[in-house]
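coords_32.cif follows; it contains mmCIF, C-alpha atoms.
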```cif
data_input
loop_
_atom_site.label_atom_id
_atom_site.label_comp_id
_atom_site.auth_asym_id
_atom_site.auth_seq_id
_atom_site.Cartn_x
_atom_site.Cartn_y
_atom_site.Cartn_z
CA MET N 1 191.06 -100.02 238.47
CA ILE N 2 190.77 -103.42 236.68
CA ARG N 3 187.37 -103.86 238.30
CA ILE N 4 186.25 -100.47 236.99
CA ILE N 5 187.36 -101.27 233.44
CA SER N 6 185.51 -104.60 233.57
CA LEU N 7 182.36 -102.86 234.68
CA LEU N 8 182.71 -100.34 231.86
CA SER N 9 182.96 -103.06 229.23
CA VAL N 10 179.55 -104.31 230.33
CA LEU N 11 177.91 -100.97 230.98
CA VAL N 12 178.40 -99.57 227.50
CA LEU N 13 175.08 -101.32 226.81
CA ALA N 14 173.11 -98.18 227.55
CA LEU N 15 170.15 -98.08 229.89
CA THR N 16 167.30 -95.62 229.61
CA ILE N 17 167.05 -94.07 233.04
CA GLU N 18 165.42 -91.00 234.51
CA VAL N 19 168.15 -88.96 236.22
CA ALA N 20 168.26 -86.34 238.95
CA ASN N 21 169.44 -82.78 238.29
CA ALA N 22 172.09 -81.97 240.90
CA ASP N 23 175.47 -83.40 241.80
CA PHE N 24 175.83 -81.97 245.32
CA ALA N 25 173.72 -80.39 248.01
CA PHE N 26 174.40 -78.00 250.87
CA GLY N 27 173.38 -79.00 254.37
CA THR N 28 172.08 -76.62 257.02
CA PRO N 29 174.65 -74.05 258.20
CA ASN N 30 175.50 -74.09 261.91
CA PRO N 31 177.95 -72.27 264.19
CA VAL N 32 181.14 -74.28 264.71
CA PRO N 33 180.96 -75.84 268.22
CA ASN N 34 183.56 -74.90 270.87
CA VAL N 35 185.15 -72.19 268.71
CA ASN N 36 182.96 -69.08 268.96
CA SER N 37 182.82 -66.50 271.74
CA SER N 38 180.80 -63.37 272.50
CA ALA N 39 183.87 -61.27 271.59
CA GLY N 40 183.53 -62.10 267.91
CA GLN N 41 185.71 -64.08 265.53
CA SER N 42 186.20 -64.16 261.78
CA ASN N 43 188.39 -65.18 258.85
CA PRO N 44 188.53 -68.94 259.45
CA GLU N 45 191.19 -71.04 257.69
CA ILE N 46 191.05 -74.84 257.69
CA SER N 47 194.33 -76.72 257.36
CA ALA N 48 194.84 -79.21 254.54
CA ASP N 49 194.61 -82.17 256.92
CA GLY N 50 191.41 -80.79 258.46
CA LEU N 51 192.83 -80.93 261.99
CA SER N 52 193.54 -77.23 262.64
CA LEU N 53 191.21 -74.26 262.34
CA TYR N 54 192.86 -70.83 262.43
CA PHE N 55 190.91 -67.59 262.83
CA GLY N 56 191.09 -64.01 264.09
CA SER N 57 189.43 -62.86 267.30
CA ARG N 58 189.35 -59.99 269.77
CA ARG N 59 188.54 -62.31 272.70
CA SER N 60 190.25 -61.87 276.04
CA GLY N 61 193.65 -63.42 276.62
CA GLY N 62 195.17 -61.90 273.49
CA TYR N 63 198.08 -59.55 272.88
CA GLY N 64 196.51 -56.79 270.76
CA SER N 65 193.41 -55.46 269.06
CA SER N 66 193.00 -58.75 267.20
CA ASP N 67 194.98 -61.98 267.47
CA ILE N 68 195.22 -65.23 265.56
CA TRP N 69 193.84 -68.25 267.40
CA MET N 70 193.81 -71.95 266.58
CA ALA N 71 191.50 -74.84 267.45
CA THR N 72 192.63 -78.43 266.87
CA ARG N 73 191.16 -81.93 266.88
CA ILE N 74 192.61 -85.44 266.78
CA THR N 75 190.60 -86.67 263.78
CA ILE N 76 188.19 -84.99 261.37
CA ASP N 77 185.34 -86.80 263.13
CA ASP N 78 186.18 -85.29 266.54
CA ASP N 79 184.90 -82.03 268.00
CA TRP N 80 187.16 -79.02 267.98
CA GLY N 81 189.14 -78.38 271.12
CA ILE N 82 189.20 -75.06 272.98
CA PRO N 83 191.02 -72.46 270.83
CA VAL N 84 194.51 -71.34 271.87
CA ASN N 85 196.28 -68.08 271.12
CA LEU N 86 199.24 -68.47 268.73
CA SER N 87 201.21 -66.08 270.98
CA PRO N 88 204.31 -64.07 269.97
CA PRO N 89 206.00 -63.83 267.57
CA ILE N 90 202.80 -64.28 265.50
CA ASN N 91 200.64 -62.07 267.70
CA SER N 92 201.69 -58.67 268.98
CA SER N 93 200.20 -55.44 270.26
CA ALA N 94 199.20 -54.74 266.65
CA TYR N 95 196.29 -56.21 264.67
CA GLU N 96 196.77 -59.78 263.43
CA SER N 97 194.08 -61.68 261.55
CA GLN N 98 193.09 -63.27 258.24
CA PRO N 99 195.43 -66.29 258.46
CA THR N 100 196.13 -68.79 255.71
CA ILE N 101 198.26 -71.90 256.19
CA SER N 102 200.24 -73.68 253.46
CA ALA N 103 199.25 -77.25 252.59
CA ASP N 104 202.38 -78.61 254.28
CA GLY N 105 201.69 -76.55 257.40
CA LEU N 106 205.06 -74.79 257.27
CA GLU N 107 204.05 -71.30 256.12
CA LEU N 108 201.54 -69.07 257.90
CA TYR N 109 200.47 -65.92 256.05
CA PHE N 110 198.35 -63.22 257.68
CA SER N 111 197.62 -59.51 257.56
CA ASP N 112 198.02 -56.77 260.14
CA GLY N 113 194.87 -54.89 259.15
CA ARG N 114 192.10 -54.78 256.62
CA HIS N 115 190.24 -52.36 254.37
CA GLY N 116 188.89 -49.50 256.45
CA SER N 117 191.00 -50.27 259.51
CA THR N 118 193.45 -47.85 261.06
CA GLY N 119 195.70 -50.39 262.74
CA PRO N 120 197.61 -50.52 264.92
CA TYR N 121 199.91 -52.05 262.29
CA ARG N 122 203.11 -53.98 262.80
CA ALA N 123 206.33 -51.96 262.59
CA ASP N 124 208.24 -51.57 259.31
CA GLY N 125 205.22 -51.87 257.06
CA TYR N 126 204.46 -49.99 253.86
CA GLY N 127 201.50 -47.82 254.79
CA GLY N 128 198.14 -49.47 255.33
CA ALA N 129 197.55 -53.12 256.13
CA ASP N 130 200.30 -55.47 254.92
CA ILE N 131 200.68 -59.20 254.34
CA TRP N 132 203.23 -61.11 256.44
CA VAL N 133 204.54 -64.67 256.58
CA SER N 134 206.02 -66.83 259.32
CA THR N 135 207.68 -70.19 258.70
CA ARG N 136 208.75 -73.29 260.61
CA ASP N 137 210.88 -76.31 259.69
CA THR N 138 208.38 -78.91 260.89
CA LYS N 139 204.87 -78.85 262.33
CA ASN N 140 206.38 -79.45 265.76
CA ASP N 141 208.69 -76.42 265.60
CA PRO N 142 207.75 -72.91 266.76
CA TRP N 143 206.86 -70.19 264.27
CA THR N 144 209.66 -67.81 263.32
CA GLU N 145 209.49 -64.02 263.47
CA PRO N 146 207.03 -62.89 260.76
CA VAL N 147 208.50 -61.28 257.65
CA ASN N 148 206.78 -58.60 255.58
CA LEU N 149 206.26 -59.75 251.97
CA GLY N 150 207.85 -56.49 250.83
CA PRO N 151 206.96 -53.66 248.44
CA THR N 152 206.40 -55.88 245.40
CA VAL N 153 203.32 -57.40 247.05
CA ASN N 154 202.44 -54.79 249.67
CA SER N 155 201.63 -51.18 248.86
CA SER N 156 200.70 -47.99 250.68
CA ALA N 157 197.07 -49.15 250.41
CA ALA N 158 195.36 -51.87 252.48
CA ASP N 159 196.64 -55.25 251.31
CA SER N 160 195.13 -58.08 253.29
CA ASP N 161 193.37 -61.43 253.55
CA PRO N 162 196.02 -63.62 251.85
CA GLU N 163 195.19 -67.09 250.53
CA ILE N 164 197.95 -69.50 249.50
CA SER N 165 197.40 -72.21 246.87
CA ALA N 166 198.03 -75.89 247.60
CA ASP N 167 201.31 -75.88 245.66
CA GLY N 168 202.49 -72.74 247.48
CA LEU N 169 203.15 -70.86 244.23
CA THR N 170 200.09 -68.59 244.04
CA LEU N 171 198.92 -66.06 246.60
CA PHE N 172 195.51 -64.41 246.31
CA PHE N 173 194.60 -61.36 248.40
CA HIS N 174 192.37 -58.31 248.35
CA SER N 175 193.41 -54.69 248.16
CA ASP N 176 192.04 -51.18 247.70
CA ARG N 177 195.15 -50.10 245.81
CA PRO N 178 194.78 -47.93 242.68
CA ASP N 179 194.03 -49.33 239.20
CA GLY N 180 191.33 -51.66 240.45
CA TYR N 181 187.67 -51.81 239.45
CA GLY N 182 186.07 -50.54 242.63
CA ASP N 183 186.09 -50.41 246.39
CA VAL N 184 188.23 -53.53 247.04
CA ASP N 185 189.44 -55.98 244.39
CA LEU N 186 190.91 -59.45 244.30
CA TRP N 187 194.55 -59.65 243.21
CA VAL N 188 197.02 -62.49 242.68
CA THR N 189 200.79 -62.85 242.81
CA THR N 190 202.85 -65.88 241.81
CA ARG N 191 206.34 -67.30 242.23
CA SER N 192 208.18 -69.99 240.27
CA THR N 193 209.47 -71.89 243.32
CA ARG N 194 208.71 -71.98 247.04
CA ASP N 195 211.97 -70.11 247.67
CA GLY N 196 211.53 -67.66 244.82
CA PRO N 197 210.40 -64.02 244.95
CA TRP N 198 206.78 -63.01 244.50
CA ALA N 199 205.94 -61.32 241.19
CA GLU N 200 204.11 -58.05 240.71
CA PRO N 201 200.45 -58.64 241.68
CA VAL N 202 197.84 -58.84 238.92
CA ASN N 203 194.20 -57.79 239.24
CA LEU N 204 191.81 -60.71 238.63
CA GLY N 205 189.82 -58.55 236.22
CA PRO N 206 186.22 -57.48 235.65
CA THR N 207 184.75 -60.97 235.42
CA ILE N 208 185.36 -61.29 239.17
CA ASN N 209 185.89 -57.74 240.41
CA THR N 210 183.09 -55.18 240.44
CA SER N 211 182.69 -51.57 241.50
CA GLU N 212 181.85 -52.86 244.98
CA TYR N 213 183.79 -54.90 247.58
CA ASP N 214 185.27 -58.15 246.24
CA GLY N 215 187.47 -59.82 248.83
CA ASP N 216 188.11 -62.69 251.26
CA PRO N 217 189.49 -65.15 248.66
CA ASP N 218 189.79 -68.90 249.24
CA ILE N 219 191.16 -71.31 246.64
CA SER N 220 190.15 -74.98 246.52
CA SER N 221 192.88 -77.60 246.86
CA ASP N 222 192.71 -78.43 243.14
CA GLY N 223 193.08 -74.74 242.22
CA LEU N 224 189.92 -74.78 240.10
CA SER N 225 187.42 -73.01 242.39
CA LEU N 226 187.84 -69.60 243.97
CA PHE N 227 185.41 -68.64 246.74
CA PHE N 228 185.07 -65.01 247.77
CA CYS N 229 182.81 -62.40 249.31
CA ASN N 230 181.04 -59.53 247.55
CA TYR N 231 178.97 -56.59 248.73
CA GLY N 232 176.45 -55.36 246.17
CA ARG N 233 176.83 -57.76 243.23
CA ALA N 234 173.53 -58.33 241.44
CA THR N 235 171.10 -60.71 243.21
CA SER N 236 173.13 -60.71 246.44
CA TYR N 237 171.85 -59.74 249.87
CA ASP N 238 174.11 -57.71 252.19
CA SER N 239 177.42 -59.48 251.69
CA ASP N 240 177.29 -62.92 250.13
CA LEU N 241 179.59 -65.80 249.32
CA TRP N 242 180.30 -66.47 245.65
CA VAL N 243 182.39 -68.96 243.69
CA THR N 244 184.09 -68.79 240.31
CA THR N 245 185.55 -71.84 238.56
CA ARG N 246 187.95 -72.67 235.74
CA VAL N 247 188.61 -75.86 233.76
CA THR N 248 192.37 -75.85 234.34
CA THR N 249 194.72 -73.67 236.37
CA THR N 250 195.77 -71.88 233.17
CA ASP N 251 192.23 -71.12 231.99
CA PRO N 252 190.42 -67.85 232.76
CA TRP N 253 187.96 -67.66 235.63
CA GLU N 254 184.31 -68.01 234.68
CA GLU N 255 181.41 -65.78 235.71
CA PRO N 256 180.93 -66.06 239.50
CA VAL N 257 177.90 -67.85 240.93
CA ASN N 258 176.14 -66.95 244.18
CA LEU N 259 176.15 -69.86 246.66
CA GLY N 260 172.46 -69.28 247.21
CA PRO N 261 170.07 -69.05 250.18
CA MET N 262 171.08 -72.41 251.67
CA VAL N 263 174.42 -70.79 252.55
CA ASN N 264 173.90 -67.04 252.35
CA SER N 265 171.53 -65.17 254.63
CA ASN N 266 170.07 -61.65 254.52
CA ILE N 267 172.85 -60.63 256.93
CA ASP N 268 176.59 -60.39 256.23
CA ASP N 269 178.28 -63.64 255.24
CA SER N 270 181.97 -63.59 254.36
CA ASP N 271 185.43 -65.17 254.83
CA PRO N 272 184.93 -68.57 253.15
CA THR N 273 187.37 -71.47 253.55
CA ILE N 274 186.78 -74.86 251.97
CA SER N 275 188.13 -78.15 253.30
CA ALA N 276 190.68 -79.93 251.11
CA ASP N 277 188.16 -82.60 250.06
CA GLY N 278 185.41 -80.05 249.41
CA SER N 279 183.06 -81.57 251.99
CA ILE N 280 182.83 -78.64 254.46
CA LEU N 281 182.65 -74.91 253.85
CA TYR N 282 183.54 -72.71 256.82
CA PHE N 283 182.70 -69.01 256.78
CA GLY N 284 182.12 -65.96 258.94
CA SER N 285 178.65 -64.55 259.60
CA ASP N 286 176.95 -62.12 261.95
CA ARG N 287 173.49 -63.63 261.39
CA SER N 288 173.26 -64.42 265.12
CA GLY N 289 174.12 -60.84 266.15
CA VAL N 290 177.87 -61.32 266.64
CA TRP N 291 180.53 -62.40 264.15
CA GLU N 292 180.91 -66.16 264.44
CA ILE N 293 182.45 -68.97 262.44
CA TRP N 294 179.87 -71.17 260.74
CA GLN N 295 180.09 -74.40 258.79
CA VAL N 296 177.95 -76.08 256.15
CA SER N 297 178.34 -79.57 254.74
CA ILE N 298 178.55 -80.24 251.02
CA THR N 299 177.05 -83.64 250.25
CA LEU N 300 177.96 -85.45 247.06
CA ILE N 301 175.01 -86.85 245.10
CA VAL N 302 176.14 -90.09 243.45
CA ASP N 303 172.80 -91.90 243.17
CA PHE N 304 172.15 -90.29 239.78
CA ASN N 305 168.82 -91.95 239.07
CA ALA N 306 167.59 -91.72 242.69
CA ASP N 307 166.74 -95.44 242.90
CA GLY N 308 168.30 -95.79 246.36
CA ILE N 309 171.59 -97.44 245.46
CA VAL N 310 174.81 -96.63 243.59
CA ASP N 311 175.18 -99.40 241.06
CA ALA N 312 175.62 -100.30 237.39
CA ALA N 313 172.83 -97.94 236.36
CA ASP N 314 174.68 -94.94 237.77
CA MET N 315 177.93 -96.07 236.18
CA CYS N 316 176.13 -96.27 232.84
CA ILE N 317 174.91 -92.69 233.21
CA ILE N 318 178.52 -91.53 233.53
CA VAL N 319 179.46 -93.51 230.40
CA ASP N 320 176.57 -91.96 228.46
CA ASN N 321 177.76 -88.48 229.44
CA TRP N 322 181.50 -89.08 228.99
CA GLY N 323 183.33 -85.95 227.82
CA THR N 324 180.36 -83.63 228.42
CA ASP N 325 179.90 -80.93 231.05
CA ASN N 326 176.75 -82.49 232.50
CA SER N 327 176.77 -81.30 236.12
CA LEU N 328 174.85 -84.39 237.24
CA CYS N 329 177.83 -86.64 236.51
CA ASP N 330 180.58 -84.08 237.08
CA ILE N 331 181.32 -85.10 240.68
CA GLY N 332 185.11 -85.09 240.88
CA PRO N 333 187.56 -84.32 242.15
CA MET N 334 185.40 -81.90 244.18
CA PRO N 335 181.64 -82.35 244.75
CA TRP N 336 180.93 -79.60 242.21
CA GLY N 337 183.20 -81.19 239.60
CA ASP N 338 185.75 -79.69 237.24
CA GLY N 339 183.73 -78.95 234.12
CA VAL N 340 184.05 -82.29 232.31
CA VAL N 341 182.83 -85.85 232.89
CA ASP N 342 185.96 -87.99 232.83
CA VAL N 343 188.04 -90.48 234.79
CA GLN N 344 188.03 -88.20 237.86
CA ASP N 345 184.27 -88.66 238.14
CA LEU N 346 184.50 -92.39 237.48
CA ILE N 347 186.98 -92.80 240.33
CA VAL N 348 184.70 -90.91 242.74
CA LEU N 349 181.66 -92.95 241.73
CA ALA N 350 183.61 -96.21 242.13
CA GLU N 351 184.36 -95.25 245.73
CA HIS N 352 180.60 -95.25 246.43
CA LEU N 353 179.56 -98.36 244.50
CA PHE N 354 176.81 -100.37 246.21
CA GLU N 355 176.15 -97.70 248.85
CA GLU N 356 172.45 -97.40 249.62
CA PHE N 357 170.53 -94.16 249.92
CA PRO N 358 167.08 -94.86 251.35
CA PRO N 359 164.46 -92.21 250.61
CA ALA N 360 163.90 -89.53 253.24
CA GLU N 361 160.89 -90.21 255.44
#
```
Conversion result in structure tokens:
Amino acid sequence: MIRIISLLSVLVLALTIEVANADFAFGTPNPVPNVNSSAGQSNPEISADGLSLYFGSRRSGGYGSSDIWMATRITIDDDWGIPVNLSPPINSSAYESQPTISADGLELYFSDGRHGSTGPYRADGYGGADIWVSTRDTKNDPWTEPVNLGPTVNSSAADSDPEISADGLTLFFHSDRPDGYGDVDLWVTTRSTRDGPWAEPVNLGPTINTSEYDGDPDISSDGLSLFFCNYGRATSYDSDLWVTTRVTTTDPWEEPVNLGPMVNSNIDDSDPTISADGSILYFGSDRSGVWEIWQVSITLIVDFNADGIVDAADMCIIVDNWGTDNSLCDIGPMPWGDGVVDVQDLIVLAEHLFEEFPPAE
């Protein structure tokens, strides 16, 4: 940090530099190796450490109409291993899918159905699809018998696709319950402590929800970006992936933005899940003719003036834009930033100082 401050004291002597106009770029989407099968799979969920990938599938070797499976790897640079079935008590003769894992790996939420499905549902539910949770004391312990989240969260409608925040205090999900804005809406419930009860769910409102399907939520690790799927929103194709952001976790969500043609196709794309560092977006797509899990890299652009190296000139550009919302310099803590150029962006840039970026041939 002392080195950064020293650099800043010199770099306040502004340079006149031509800058680029983007702070991150999507790579080319590809199916996730070793994970997909001809039976179809969907609703991926990446663990906070990036070493486990959970998803739902109807492939052979399961216990019901859909089961939750998991692929693992030793490091984030390794290939995924062959997926394994989570087995009972998580899976049963009913439908289990749409998993989400807490950041500490000790809570697994899932649903036993989805909008439009007819089950079979797990016993002792509240009508349509419900949200359930299983816990364990450590990552090496087995999962306990799943518990229904109860009538405060679940309703007689289809309540599904849960997504737990990094602090474990906020749970997003989608539902076709009454008092929404359309077909399926995004809802959120909160609790004051990890052991506390969930509050009455609240609709995320008309900025996010439309008269069409709005579902498949995924919250970034910093709680400032919410990815989701929509059918029919203006400028979208069939079903597309969208993202809405907010400046702080207490601010309202901003108008959603389509992730664009580098990610979305003219076929259904849904079920987003973002890695904890924001470098990989996983999602479901049937663009190849069967539902598969895909991935796309998100590359941070830190060579602001495109001169081939991250150096004093790029640091000066951050200084010149300090306190603004210039997306060029807003690179932290996620690649797409947090709405303001500040110390978060300076820290990220410092991590890349003196890296070279030769021009593409």
**Asked** Which residues match the PyMOL selection byres ((chain N and resi 65) around 9) in the file above, as number ranges by chain?
**Response** N: 57-58, 62-64, 66-67, 92-96, 119-120
Test item: residues at most 8 Å from stretch 206-210 of chain N, all atoms listed in the file, excluding those fewer than 5 positions along its chain, as a PDB file with C-alpha atoms, keeping the file's coordinate frame:
```pdb
ATOM      1  CA  TYR N 181     187.670 -51.810 239.450  1.00  0.00           C
ATOM      2  CA  GLY N 182     186.070 -50.540 242.630  1.00  0.00           C
ATOM      3  CA  ASP N 185     189.440 -55.980 244.390  1.00  0.00           C
ATOM      4  CA  LEU N 186     190.910 -59.450 244.300  1.00  0.00           C
ATOM      5  CA  ARG N 233     176.830 -57.760 243.230  1.00  0.00           C
ATOM      6  CA  THR N 244     184.090 -68.790 240.310  1.00  0.00           C
ATOM      7  CA  TRP N 253     187.960 -67.660 235.630  1.00  0.00           C
ATOM      8  CA  GLU N 254     184.310 -68.010 234.680  1.00  0.00           C
ATOM      9  CA  GLU N 255     181.410 -65.780 235.710  1.00  0.00           C
ATOM     10  CA  PRO N 256     180.930 -66.060 239.500  1.00  0.00           C
TER      11      PRO N 256
END
```
Given the PyMOL selection byres ((chain N and resi 271) around 7), the residues it picks as an mmCIF file with C-alpha atoms, keeping the file's coordinate frame:
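File out.cif, as written:
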```cif
data_model
loop_
_atom_site.group_PDB
_atom_site.id
_atom_site.type_symbol
_atom_site.label_atom_id
_atom_site.label_comp_id
_atom_site.auth_asym_id
_atom_site.auth_seq_id
_atom_site.Cartn_x
_atom_site.Cartn_y
_atom_site.Cartn_z
ATOM 1 C CA ASN N 43 188.390 -65.180 258.850
ATOM 2 C CA PRO N 44 188.530 -68.940 259.450
ATOM 3 C CA ASP N 216 188.110 -62.690 251.260
ATOM 4 C CA CYS N 229 182.810 -62.400 249.310
ATOM 5 C CA SER N 270 181.970 -63.590 254.360
ATOM 6 C CA PRO N 272 184.930 -68.570 253.150
ATOM 7 C CA THR N 273 187.370 -71.470 253.550
ATOM 8 C CA PHE N 283 182.700 -69.010 256.780
ATOM 9 C CA GLY N 284 182.120 -65.960 258.940
#
```
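Across the structure, atom CA of N:Gly56 and atom CA of N:Gly289 are spaced 17.4 Å apart.
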Output of the PyMOL selection byres ((chain N and resi 346-361) around 8), listed as a JSON list (two decimals) with C-alpha atoms, in the frame of the given file:
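Saved the output as result15.json:
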```
[["chain", "number", "residue", "atom", "x", "y", "z"],
["N", 4, "ILE", "CA", 186.25, -100.47, 236.99],
["N", 302, "VAL", "CA", 176.14, -90.09, 243.45],
["N", 303, "ASP", "CA", 172.80, -91.90, 243.17],
["N", 308, "GLY", "CA", 168.30, -95.79, 246.36],
["N", 309, "ILE", "CA", 171.59, -97.44, 245.46],
["N", 310, "VAL", "CA", 174.81, -96.63, 243.59],
["N", 311, "ASP", "CA", 175.18, -99.40, 241.06],
["N", 315, "MET", "CA", 177.93, -96.07, 236.18],
["N", 318, "ILE", "CA", 178.52, -91.53, 233.53],
["N", 331, "ILE", "CA", 181.32, -85.10, 240.68],
["N", 332, "GLY", "CA", 185.11, -85.09, 240.88],
["N", 333, "PRO", "CA", 187.56, -84.32, 242.15],
["N", 342, "ASP", "CA", 185.96, -87.99, 232.83],
["N", 343, "VAL", "CA", 188.04, -90.48, 234.79],
["N", 344, "GLN", "CA", 188.03, -88.20, 237.86],
["N", 345, "ASP", "CA", 184.27, -88.66, 238.14]]
```
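As for atom CA of N:Pro217 and atom CA of N:Thr324, they are spaced 28.9 Å apart.
Across the structure, atom CA of N:Cys329 and atom CA of N:Ile301 are spaced 9.0 Å apart.
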Dump as a tab-separated table the rows for residues of stretch 77-140 of chain N within 12 Å of stretch 167-170 of chain N: closest atom pair and distance in Å with one decimal, only C-alpha atoms counted, ordered by chain and rising residue number.
```
residue	atom	partner	partner_atom	distance
N:Thr100	CA	N:Gly168	CA	11.1
N:Ile101	CA	N:Gly168	CA	9.7
N:Ser102	CA	N:Gly168	CA	6.5
N:Ala103	CA	N:Asp167	CA	7.4
N:Asp104	CA	N:Gly168	CA	9.0
N:Gly105	CA	N:Gly168	CA	10.7
N:Leu106	CA	N:Gly168	CA	10.3
N:Glu107	CA	N:Gly168	CA	8.9
N:Leu108	CA	N:Gly168	CA	11.1
N:Tyr109	CA	N:Gly168	CA	11.1
```
**Complete:** From the list N:Ile90, N:Ala166, N:Val184, N:Ile274, the nearest residue to N:Tyr231 using all atoms listed in the file is N:Val184
**Request:** Fewer than 2 positions away in the same chain doesn't count, so skip those; otherwise give me all residues within 9 Å of N:Gly260, counting all atoms listed in the file, as an NGL selection string.
**Result:** :N and (236 or 240-242 or 257-258 or 262-265)
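Using only C-alpha atoms for every distance, the candidate list N:Pro151, N:Gly128, N:Pro31, N:Gly278 yields N:Gly278 as the residue closest to N:Asp222.
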**N:Gly27, N:Leu149, N:Ile280, N:Leu259 ranked by distance to N:Gly196, top pick (using all atoms listed in the file)** = N:Leu149
Using all atoms listed in the file, which residues of stretch 155-213 of chain N come within 12 Å of stretch 122-126 of chain N, and what is the closest atom pair for each, with the distance in Å to one decimal? Give it as JSON lines, sorted by chain and residue number.
```
{"residue": "N:Ser155", "atom": "CA", "partner": "N:Tyr126", "partner_atom": "CA", "distance": 5.9}
{"residue": "N:Ser156", "atom": "CA", "partner": "N:Tyr126", "partner_atom": "CA", "distance": 5.3}
{"residue": "N:Ala157", "atom": "CA", "partner": "N:Tyr126", "partner_atom": "CA", "distance": 8.2}
{"residue": "N:Ala158", "atom": "CA", "partner": "N:Tyr126", "partner_atom": "CA", "distance": 9.4}
{"residue": "N:Asp159", "atom": "CA", "partner": "N:Tyr126", "partner_atom": "CA", "distance": 9.8}
```
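Of the listed residues (N:Asn85, N:Thr138, N:Ser38, N:Ser160), N:Ser160 comes nearest to N:Tyr121; the distances count all atoms listed in the file.
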